[in-house]
Structures are given as C-alpha cells and as structure tokens.
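target12.pdb follows (PDB, C-alpha atoms):
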```pdb
MODEL        1
ATOM      1  CA  MET A   1     -24.259  17.063   4.407
ATOM      2  CA  GLN A   2     -25.838  17.394   0.980
ATOM      3  CA  SER A   3     -23.534  17.344  -2.043
ATOM      4  CA  SER A   4     -24.792  20.824  -2.903
ATOM      5  CA  VAL A   5     -23.235  22.148   0.324
ATOM      6  CA  TYR A   6     -19.754  20.901  -0.644
ATOM      7  CA  LYS A   7     -20.192  22.304  -4.142
ATOM      8  CA  GLN A   8     -21.242  25.708  -2.863
ATOM      9  CA  TYR A   9     -18.313  25.654  -0.465
ATOM     10  CA  ALA A  10     -15.949  24.807  -3.326
ATOM     11  CA  LEU A  11     -17.155  27.716  -5.447
ATOM     12  CA  ARG A  12     -16.793  30.078  -2.510
ATOM     13  CA  MET A  13     -13.235  28.935  -1.784
ATOM     14  CA  LEU A  14     -12.276  29.114  -5.471
ATOM     15  CA  SER A  15     -13.293  32.755  -5.693
ATOM     16  CA  GLY A  16     -10.147  34.733  -6.461
ATOM     17  CA  LYS A  17      -8.119  31.513  -6.868
ATOM     18  CA  TRP A  18      -9.251  30.360 -10.302
ATOM     19  CA  GLY A  19      -6.059  31.548 -12.005
ATOM     20  CA  ILE A  20      -3.645  29.322 -10.061
ATOM     21  CA  SER A  21      -6.199  26.482 -10.074
ATOM     22  CA  LEU A  22      -6.474  26.480 -13.872
ATOM     23  CA  LEU A  23      -2.697  26.743 -14.237
ATOM     24  CA  VAL A  24      -2.197  23.687 -12.028
ATOM     25  CA  VAL A  25      -4.752  21.626 -13.952
ATOM     26  CA  LEU A  26      -3.294  22.654 -17.327
ATOM     27  CA  THR A  27       0.247  21.803 -16.193
ATOM     28  CA  VAL A  28      -0.773  18.336 -15.042
ATOM     29  CA  MET A  29      -2.693  17.766 -18.284
ATOM     30  CA  VAL A  30       0.349  18.726 -20.395
ATOM     31  CA  ILE A  31       2.634  16.390 -18.414
ATOM     32  CA  GLN A  32       0.158  13.526 -18.713
ATOM     33  CA  ALA A  33      -0.256  14.186 -22.443
ATOM     34  CA  MET A  34       3.515  14.104 -22.941
ATOM     35  CA  ILE A  35       3.523  10.600 -21.454
ATOM     36  CA  THR A  36       0.487   9.102 -23.170
ATOM     37  CA  THR A  37       1.234  10.460 -26.659
ATOM     38  CA  ARG A  38       4.553   8.601 -26.665
ATOM     39  CA  LEU A  39       2.876   5.265 -25.967
ATOM     40  CA  ASP A  40       0.894   3.069 -28.353
ATOM     41  CA  LEU A  41      -2.182   2.227 -26.270
ATOM     42  CA  SER A  42      -4.248   1.249 -29.322
ATOM     43  CA  ALA A  43      -1.852  -1.342 -30.692
ATOM     44  CA  ASN A  44      -3.279  -4.638 -31.943
ATOM     45  CA  ASP A  45      -0.137  -6.500 -30.940
ATOM     46  CA  PRO A  46      -0.746  -7.720 -27.339
ATOM     47  CA  GLU A  47       2.969  -7.512 -26.544
ATOM     48  CA  VAL A  48       3.223  -3.888 -27.687
ATOM     49  CA  LEU A  49       0.026  -2.985 -25.825
ATOM     50  CA  LEU A  50       1.188  -4.702 -22.627
ATOM     51  CA  THR A  51       4.542  -2.921 -22.818
ATOM     52  CA  SER A  52       2.813   0.432 -23.325
ATOM     53  CA  VAL A  53       0.494  -0.148 -20.369
ATOM     54  CA  ALA A  54       3.447  -1.163 -18.180
ATOM     55  CA  LEU A  55       5.390   1.948 -19.220
ATOM     56  CA  LEU A  56       2.343   4.133 -18.564
ATOM     57  CA  TYR A  57       1.934   2.639 -15.092
ATOM     58  CA  GLY A  58       5.640   3.095 -14.360
ATOM     59  CA  ALA A  59       5.710   6.689 -15.562
ATOM     60  CA  THR A  60       2.537   7.512 -13.642
ATOM     61  CA  VAL A  61       3.978   6.108 -10.422
ATOM     62  CA  LEU A  62       7.350   7.810 -10.850
ATOM     63  CA  LEU A  63       5.577  11.126 -11.454
ATOM     64  CA  ALA A  64       3.176  10.494  -8.554
ATOM     65  CA  PRO A  65       4.374  13.587  -6.625
ATOM     66  CA  ILE A  66       2.732  15.748  -9.298
ATOM     67  CA  GLU A  67      -0.646  14.119  -8.705
ATOM     68  CA  LEU A  68      -0.040  14.382  -4.975
ATOM     69  CA  GLY A  69       0.873  18.036  -5.372
ATOM     70  CA  LYS A  70      -2.307  18.722  -7.329
ATOM     71  CA  ASN A  71      -4.343  17.407  -4.413
ATOM     72  CA  TRP A  72      -2.315  19.532  -2.008
ATOM     73  CA  VAL A  73      -3.024  22.666  -4.033
ATOM     74  CA  PHE A  74      -6.783  22.137  -3.859
ATOM     75  CA  LEU A  75      -6.615  21.244  -0.181
ATOM     76  CA  GLN A  76      -4.986  24.641   0.303
ATOM     77  CA  VAL A  77      -7.807  26.233  -1.676
ATOM     78  CA  ALA A  78     -10.405  24.459   0.476
ATOM     79  CA  LYS A  79      -8.675  25.717   3.617
ATOM     80  CA  ASP A  80      -8.988  29.248   2.234
ATOM     81  CA  GLU A  81      -5.212  29.553   2.141
ATOM     82  CA  LYS A  82      -3.281  31.099  -0.719
ATOM     83  CA  PRO A  83      -2.383  28.186  -3.049
ATOM     84  CA  THR A  84       1.145  28.059  -4.425
ATOM     85  CA  PHE A  85       2.208  26.522  -7.714
ATOM     86  CA  GLY A  86       5.306  25.134  -5.984
ATOM     87  CA  LEU A  87       3.148  22.604  -4.133
ATOM     88  CA  LEU A  88       2.740  20.766  -7.426
ATOM     89  CA  ILE A  89       6.389  19.677  -7.354
ATOM     90  CA  GLU A  90       7.176  20.044  -3.652
ATOM     91  CA  SER A  91       7.430  16.286  -3.069
ATOM     92  CA  PHE A  92      10.283  16.004  -5.577
ATOM     93  CA  GLY A  93      12.436  17.965  -3.141
ATOM     94  CA  SER A  94      11.960  15.522  -0.274
ATOM     95  CA  LEU A  95      13.001  11.873  -0.467
ATOM     96  CA  LYS A  96      10.470  11.030   2.239
ATOM     97  CA  ASP A  97       7.557  12.739   0.469
ATOM     98  CA  TYR A  98       8.608  11.351  -2.905
ATOM     99  CA  SER A  99       8.761   7.818  -1.478
ATOM    100  CA  ARG A 100       5.371   8.222   0.182
ATOM    101  CA  ALA A 101       3.835   9.442  -3.076
ATOM    102  CA  VAL A 102       5.319   6.610  -5.135
ATOM    103  CA  VAL A 103       4.331   3.896  -2.656
ATOM    104  CA  TYR A 104       0.773   5.190  -2.276
ATOM    105  CA  TYR A 105       0.061   5.648  -5.965
ATOM    106  CA  ALA A 106       1.740   2.352  -6.882
ATOM    107  CA  VAL A 107      -0.587   0.510  -4.497
ATOM    108  CA  PHE A 108      -3.603   2.697  -5.304
ATOM    109  CA  TYR A 109      -3.437   2.417  -9.084
ATOM    110  CA  LEU A 110      -2.542  -1.289  -9.049
ATOM    111  CA  GLY A 111      -5.349  -2.159  -6.638
ATOM    112  CA  LEU A 112      -7.856   0.024  -8.453
ATOM    113  CA  ASN A 113      -7.029  -1.284 -11.932
ATOM    114  CA  VAL A 114      -7.028  -4.940 -10.886
ATOM    115  CA  LEU A 115     -10.344  -4.633  -9.061
ATOM    116  CA  MET A 116     -12.012  -2.596 -11.809
ATOM    117  CA  LEU A 117     -10.846  -5.113 -14.390
ATOM    118  CA  PHE A 118     -12.821  -7.919 -12.764
ATOM    119  CA  LEU A 119     -15.376  -6.371 -10.387
ATOM    120  CA  ILE A 120     -16.677  -2.808 -10.678
ATOM    121  CA  VAL A 121     -18.242  -2.496  -7.207
ATOM    122  CA  PRO A 122     -15.120  -3.508  -5.229
ATOM    123  CA  GLY A 123     -13.106  -1.173  -7.441
ATOM    124  CA  VAL A 124     -15.387   1.754  -6.615
ATOM    125  CA  TRP A 125     -15.253   0.815  -2.899
ATOM    126  CA  PHE A 126     -11.433   0.755  -3.060
ATOM    127  CA  TYR A 127     -11.306   4.151  -4.772
ATOM    128  CA  LEU A 128     -13.633   5.812  -2.277
ATOM    129  CA  THR A 129     -11.836   4.265   0.694
ATOM    130  CA  TYR A 130      -8.419   5.616  -0.233
ATOM    131  CA  ARG A 131      -9.257   8.781  -2.189
ATOM    132  CA  ILE A 132      -8.440  11.125   0.714
ATOM    133  CA  VAL A 133      -4.954   9.695   1.383
ATOM    134  CA  PRO A 134      -3.165  12.633  -0.360
ATOM    135  CA  PHE A 135      -4.887  15.063   1.999
ATOM    136  CA  ILE A 136      -3.995  12.947   5.027
ATOM    137  CA  MET A 137      -0.364  12.916   3.895
ATOM    138  CA  ARG A 138      -0.357  16.705   3.729
ATOM    139  CA  ASP A 139      -1.800  17.142   7.199
ATOM    140  CA  ASN A 140       0.224  14.279   8.689
ATOM    141  CA  PRO A 141       3.753  14.454   7.235
ATOM    142  CA  ASP A 142       5.065  11.875   9.711
ATOM    143  CA  LEU A 143       2.732   9.119   8.514
ATOM    144  CA  SER A 144       3.996   6.554   6.022
ATOM    145  CA  ALA A 145       1.948   5.779   2.923
ATOM    146  CA  PHE A 146       0.473   2.662   4.533
ATOM    147  CA  GLN A 147      -0.304   4.473   7.783
ATOM    148  CA  ALA A 148      -2.075   7.200   5.799
ATOM    149  CA  MET A 149      -4.061   4.542   3.927
ATOM    150  CA  ARG A 150      -5.061   2.926   7.193
ATOM    151  CA  LYS A 151      -6.215   6.284   8.561
ATOM    152  CA  SER A 152      -8.140   6.936   5.335
ATOM    153  CA  ARG A 153      -9.922   3.608   5.755
ATOM    154  CA  GLN A 154     -10.904   4.576   9.300
ATOM    155  CA  MET A 155     -12.062   8.070   8.330
ATOM    156  CA  MET A 156     -14.118   6.860   5.355
ATOM    157  CA  LYS A 157     -15.951   4.188   7.359
ATOM    158  CA  GLY A 158     -19.621   5.003   7.017
ATOM    159  CA  HIS A 159     -18.926   7.940   4.679
ATOM    160  CA  LYS A 160     -18.243   6.302   1.318
ATOM    161  CA  ARG A 161     -21.848   6.819   0.229
ATOM    162  CA  THR A 162     -21.494  10.550   0.902
ATOM    163  CA  MET A 163     -18.441  10.764  -1.354
ATOM    164  CA  LEU A 164     -20.122   8.625  -4.004
ATOM    165  CA  LYS A 165     -23.112  10.992  -4.026
ATOM    166  CA  LEU A 166     -20.728  13.937  -4.382
ATOM    167  CA  PHE A 167     -19.093  12.366  -7.433
ATOM    168  CA  ALA A 168     -22.506  11.474  -8.869
ATOM    169  CA  SER A 169     -23.623  15.096  -8.528
ATOM    170  CA  PHE A 170     -20.927  16.027 -11.071
ATOM    171  CA  ILE A 171     -22.264  13.733 -13.809
ATOM    172  CA  GLY A 172     -23.871  16.675 -15.579
ATOM    173  CA  TRP A 173     -20.602  18.589 -15.509
ATOM    174  CA  TYR A 174     -18.719  15.688 -17.057
ATOM    175  CA  ALA A 175     -21.373  15.430 -19.738
ATOM    176  CA  LEU A 176     -20.432  19.028 -20.495
ATOM    177  CA  VAL A 177     -16.778  17.948 -20.652
ATOM    178  CA  LEU A 178     -17.711  15.428 -23.365
ATOM    179  CA  LEU A 179     -19.810  17.960 -25.255
ATOM    180  CA  THR A 180     -16.947  20.478 -25.284
ATOM    181  CA  GLY A 181     -14.387  17.922 -26.438
ATOM    182  CA  GLY A 182     -12.657  17.970 -23.054
ATOM    183  CA  LEU A 183     -12.301  21.758 -22.821
ATOM    184  CA  ALA A 184     -14.615  22.060 -19.806
ATOM    185  CA  TYR A 185     -12.412  19.584 -17.910
ATOM    186  CA  ILE A 186     -10.040  22.458 -17.124
ATOM    187  CA  PHE A 187     -12.803  24.218 -15.189
ATOM    188  CA  VAL A 188     -14.627  21.202 -13.767
ATOM    189  CA  THR A 189     -11.519  19.691 -12.170
ATOM    190  CA  PRO A 190     -10.817  22.548  -9.712
ATOM    191  CA  TYR A 191     -14.510  22.553  -8.805
ATOM    192  CA  LEU A 192     -14.599  18.807  -8.074
ATOM    193  CA  GLN A 193     -11.188  18.688  -6.384
ATOM    194  CA  THR A 194     -12.058  21.537  -4.031
ATOM    195  CA  ALA A 195     -15.423  19.968  -3.191
ATOM    196  CA  ILE A 196     -13.682  16.681  -2.315
ATOM    197  CA  SER A 197     -11.164  18.611  -0.225
ATOM    198  CA  GLY A 198     -14.050  20.257   1.614
ATOM    199  CA  LEU A 199     -15.536  16.848   2.377
ATOM    200  CA  TYR A 200     -12.157  15.695   3.675
ATOM    201  CA  LEU A 201     -11.892  18.708   5.991
ATOM    202  CA  GLU A 202     -15.271  17.846   7.485
ATOM    203  CA  LEU A 203     -14.347  14.177   7.909
ATOM    204  CA  ASN A 204     -11.016  15.100   9.451
ATOM    205  CA  ALA A 205     -12.631  17.467  11.959
ATOM    206  CA  SER A 206     -15.122  14.767  12.944
ATOM    207  CA  TYR A 207     -12.366  12.149  13.230
ATOM    208  CA  GLN A 208     -10.152  14.386  15.379
ATOM    209  CA  ALA A 209     -13.070  15.201  17.679
ATOM    210  CA  LYS A 210     -13.521  11.502  18.418
ATOM    211  CA  GLN A 211      -9.862  10.906  19.330
ATOM    212  CA  PRO A 212      -9.101  10.579  23.054
ATOM    213  CA  VAL A 213      -7.450  13.630  24.591
ATOM    214  CA  GLY A 214      -3.935  13.033  25.990
TER     215      GLY A 214
ENDMDL
END
```
Step by step, read the file and then write its structure as structure tokens.
Amino acid sequence: MQSSVYKQYALRMLSGKWGISLLVVLTVMVIQAMITTRLDLSANDPEVLLTSVALLYGATVLLAPIELGKNWVFLQVAKDEKPTFGLLIESFGSLKDYSRAVVYYAVFYLGLNVLMLFLIVPGVWFYLTYRIVPFIMRDNPDLSAFQAMRKSRQMMKGHKRTMLKLFASFIGWYALVLLTGGLAYIFVTPYLQTAISGLYLELNASYQAKQPVG
C-alpha cells in the first residue's frame, strides 16, 4: 500500500488517544535525557568519550523494556485498543520479557551502530529487517528474542522498500522537528510509531495467511 494509507490509518487510530500517546513519548524522552545529560559525549579525551559511549549503550540496553513498552503502546493504538501507560514498564515485571528486551536491543543496537559506522546501506537494511521485532514479541510471547528476529527477517522479506518509503514520507515532519527545536518530536513520534504498527499488522496478517493450516 501507499505510505499515505498507513499515515491516514495512524491518524484515525490516534483519534481520542493522543493524551496517553503524548504522555508515553514525554516519559521516554525524560528518561533518555536523564541518562544522556549525565554523560560527556562531547569530550575531546578519547578515553572519556569511549567510556561515556559504553555507559550509554549499557544504560540503553538495561532500560530496553521501556523502549519495548513504547512500541507495545503504539501497537495497541494501531489495533484500536485502549492503550495503557503500564505497558511502558510491563516488561520489568517479567524476567522472561525483560531478558527478551535486553537481548534484542543489545543485538539490535550493536549491529546497527557497527554497520552504520562503516557502511550506511547495510545499516539501513539491518534496521528495516528487525524494526518490527518488538511487535512480534508482543503478539508472540513464547518466542525468544532470536526467534522473534528470525520471524521479523521472514516477514520483512520483500517489504523493506515499503517501510523505507514510509519513513521517507516523514522527512517533512522531521524537518518541522528541527525547525521547532525538537518540540514537534512529541507529536510526530506517535504518528510515525502508529503508522509503522499499522504496516506491521498488515505484514503479520499476510504472513499468517501463508502459514500451513494444522
């Protein structure tokens, strides 16, 4: 489908759910800011910079359930279900879900950063291939992180261009984010996240339809 279809769908699903959506985005932003402001990522000393980057990576991975929960909230929105703020921290209450979140994001961020450091195209391919893993984890609680990543790879086969076009269609919105000093990010994020969730729901329906019965 056209990117405009997913965007229209996202706006329709967000109707009446903007309050909780904005609260979730703001909460995640505050948590991320609390981490980054305590690190010196502009240091000239390579040792200090490397230590800061390592600490940032570690903190991001350990707090992975929050990023996972954010995706779960917007998947709920896309399903036209009432989103709950508790989803943001739900994985902290389950050792299995916490472990899955940490393993996935540890692999995802490491692979993405290494690839993007040397080769942009493989990095983009990697991102698109595994972007829907959080949604798969929500709908398939029995899958391990690696099983969910394998399923994501299967589901995204032949569909990465569609997701790339969807992201590209938001370039104008992110230009607005820059023009507003980041303020518009609070509103753009729910829009984009719900559109991606809508794409996932379509891919998942298509994938399930192709699975053998029995």
Practice item. Find the residues near region 192-208 of chain A: any atom within 9 Å, counting all atoms listed in the file, skip ones fewer than 5 places away on the same chain, and give them as a ChimeraX atom specification. Key: /A:1,3,5-11,13-14,70-71,74-79,132,135-136,154-156,159,162-163,166-167,170
**Study point:** Shortest interatomic distance to Gly16 (chain A) - which of A:Gly158, A:Pro65, A:Pro83, A:Gly93, counting all atoms listed in the file
**Key:**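 Using all atoms listed in the file, the shortest distance to Gly16 (chain A) belongs to A:Pro83.
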**Study point:** Nearest to Asp139 (chain A) by atom-to-atom distance, counting only C-alpha atoms, from A:Trp72, A:Leu110, A:Gln2, A:Met29
**Key:**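 Selected residue with least distance to Asp139 (chain A): A:Trp72.
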**Study point:** Between CA of Ser99 (chain A) and CA of Gly86 (chain A), distance in Å (one decimal)
**Key:** 18.2 Å
**Study point:** Nearest-residue call for Lys96 (chain A), choices A:Met137, A:Ile31, A:Ile66, A:Leu183, using all atoms listed in the file
**Key:**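 Ranked by minimum distance to Lys96 (chain A), first place goes to A:Met137.
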Let me know the residues the PyMOL selection byres ((chain A and resi 85) around 8) catches in the file above, as a short mmCIF file (atom, residue, chain, number, x, y, z; two decimals) with C-alpha atoms, in the coordinates of the input.
```cif
data_model
loop_
_atom_site.label_atom_id
_atom_site.label_comp_id
_atom_site.auth_asym_id
_atom_site.auth_seq_id
_atom_site.Cartn_x
_atom_site.Cartn_y
_atom_site.Cartn_z
CA ILE A 20 -3.64 29.32 -10.06
CA VAL A 24 -2.20 23.69 -12.03
CA VAL A 73 -3.02 22.67 -4.03
CA PRO A 83 -2.38 28.19 -3.05
CA THR A 84 1.14 28.06 -4.42
CA GLY A 86 5.31 25.13 -5.98
CA LEU A 87 3.15 22.60 -4.13
CA LEU A 88 2.74 20.77 -7.43
#
```
Surrounding residues of Trp173 (chain A) excluding itself and chain neighbours under 6 positions, 10 Å, only C-alpha atoms, as a PDB file with C-alpha atoms, keeping the file's coordinate frame:
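Resulting contents of selection.pdb:
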```pdb
ATOM      1  CA  LEU A 179     -19.810  17.960 -25.255  1.00  0.00           C
ATOM      2  CA  ALA A 184     -14.615  22.060 -19.806  1.00  0.00           C
ATOM      3  CA  TYR A 185     -12.412  19.584 -17.910  1.00  0.00           C
ATOM      4  CA  PHE A 187     -12.803  24.218 -15.189  1.00  0.00           C
ATOM      5  CA  VAL A 188     -14.627  21.202 -13.767  1.00  0.00           C
ATOM      6  CA  THR A 189     -11.519  19.691 -12.170  1.00  0.00           C
ATOM      7  CA  TYR A 191     -14.510  22.553  -8.805  1.00  0.00           C
ATOM      8  CA  LEU A 192     -14.599  18.807  -8.074  1.00  0.00           C
TER       9      LEU A 192
END
```
Check your understanding: Expressed in Å to a single decimal, how great is the separation between CA of Val61 (chain A) and CA of Arg150 (chain A)?
Key -> 20.1 Å
Practice item. Counting only C-alpha atoms, figure out which residue out of A:Tyr109, A:Phe92, A:Tyr130, A:Tyr174 gets nearest to Gly69 (chain A). Key: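 Under the stated criterion, the closest residue is A:Phe92.
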**Study point:** Among the residues A:Leu164, A:Ile89, A:Ala33, A:Val107, the one that comes closest to Val133 (chain A) [using all atoms listed in the file]
**Key:**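 Using all atoms listed in the file, Val133 (chain A) sits closest to A:Val107.
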Exercise for review: Compare A:Ser21, A:Ser15, A:Pro134, A:Asp80 by their minimum atom-to-atom distance to Ala64 (chain A), counting all atoms listed in the file, and give me the closest one.
Suggested key: A:Pro134
For region 195-209 of chain A, take all atoms listed in the file, fit an axis-aligned box around them, add 8 Å to each of the six sides, then output centre and edge lengths in Å rounded to one decimal, as JSON.
```
{"center_x": -12.8, "center_y": 16.2, "center_z": 7.2, "size_x": 21.4, "size_y": 24.1, "size_z": 36.9}
```
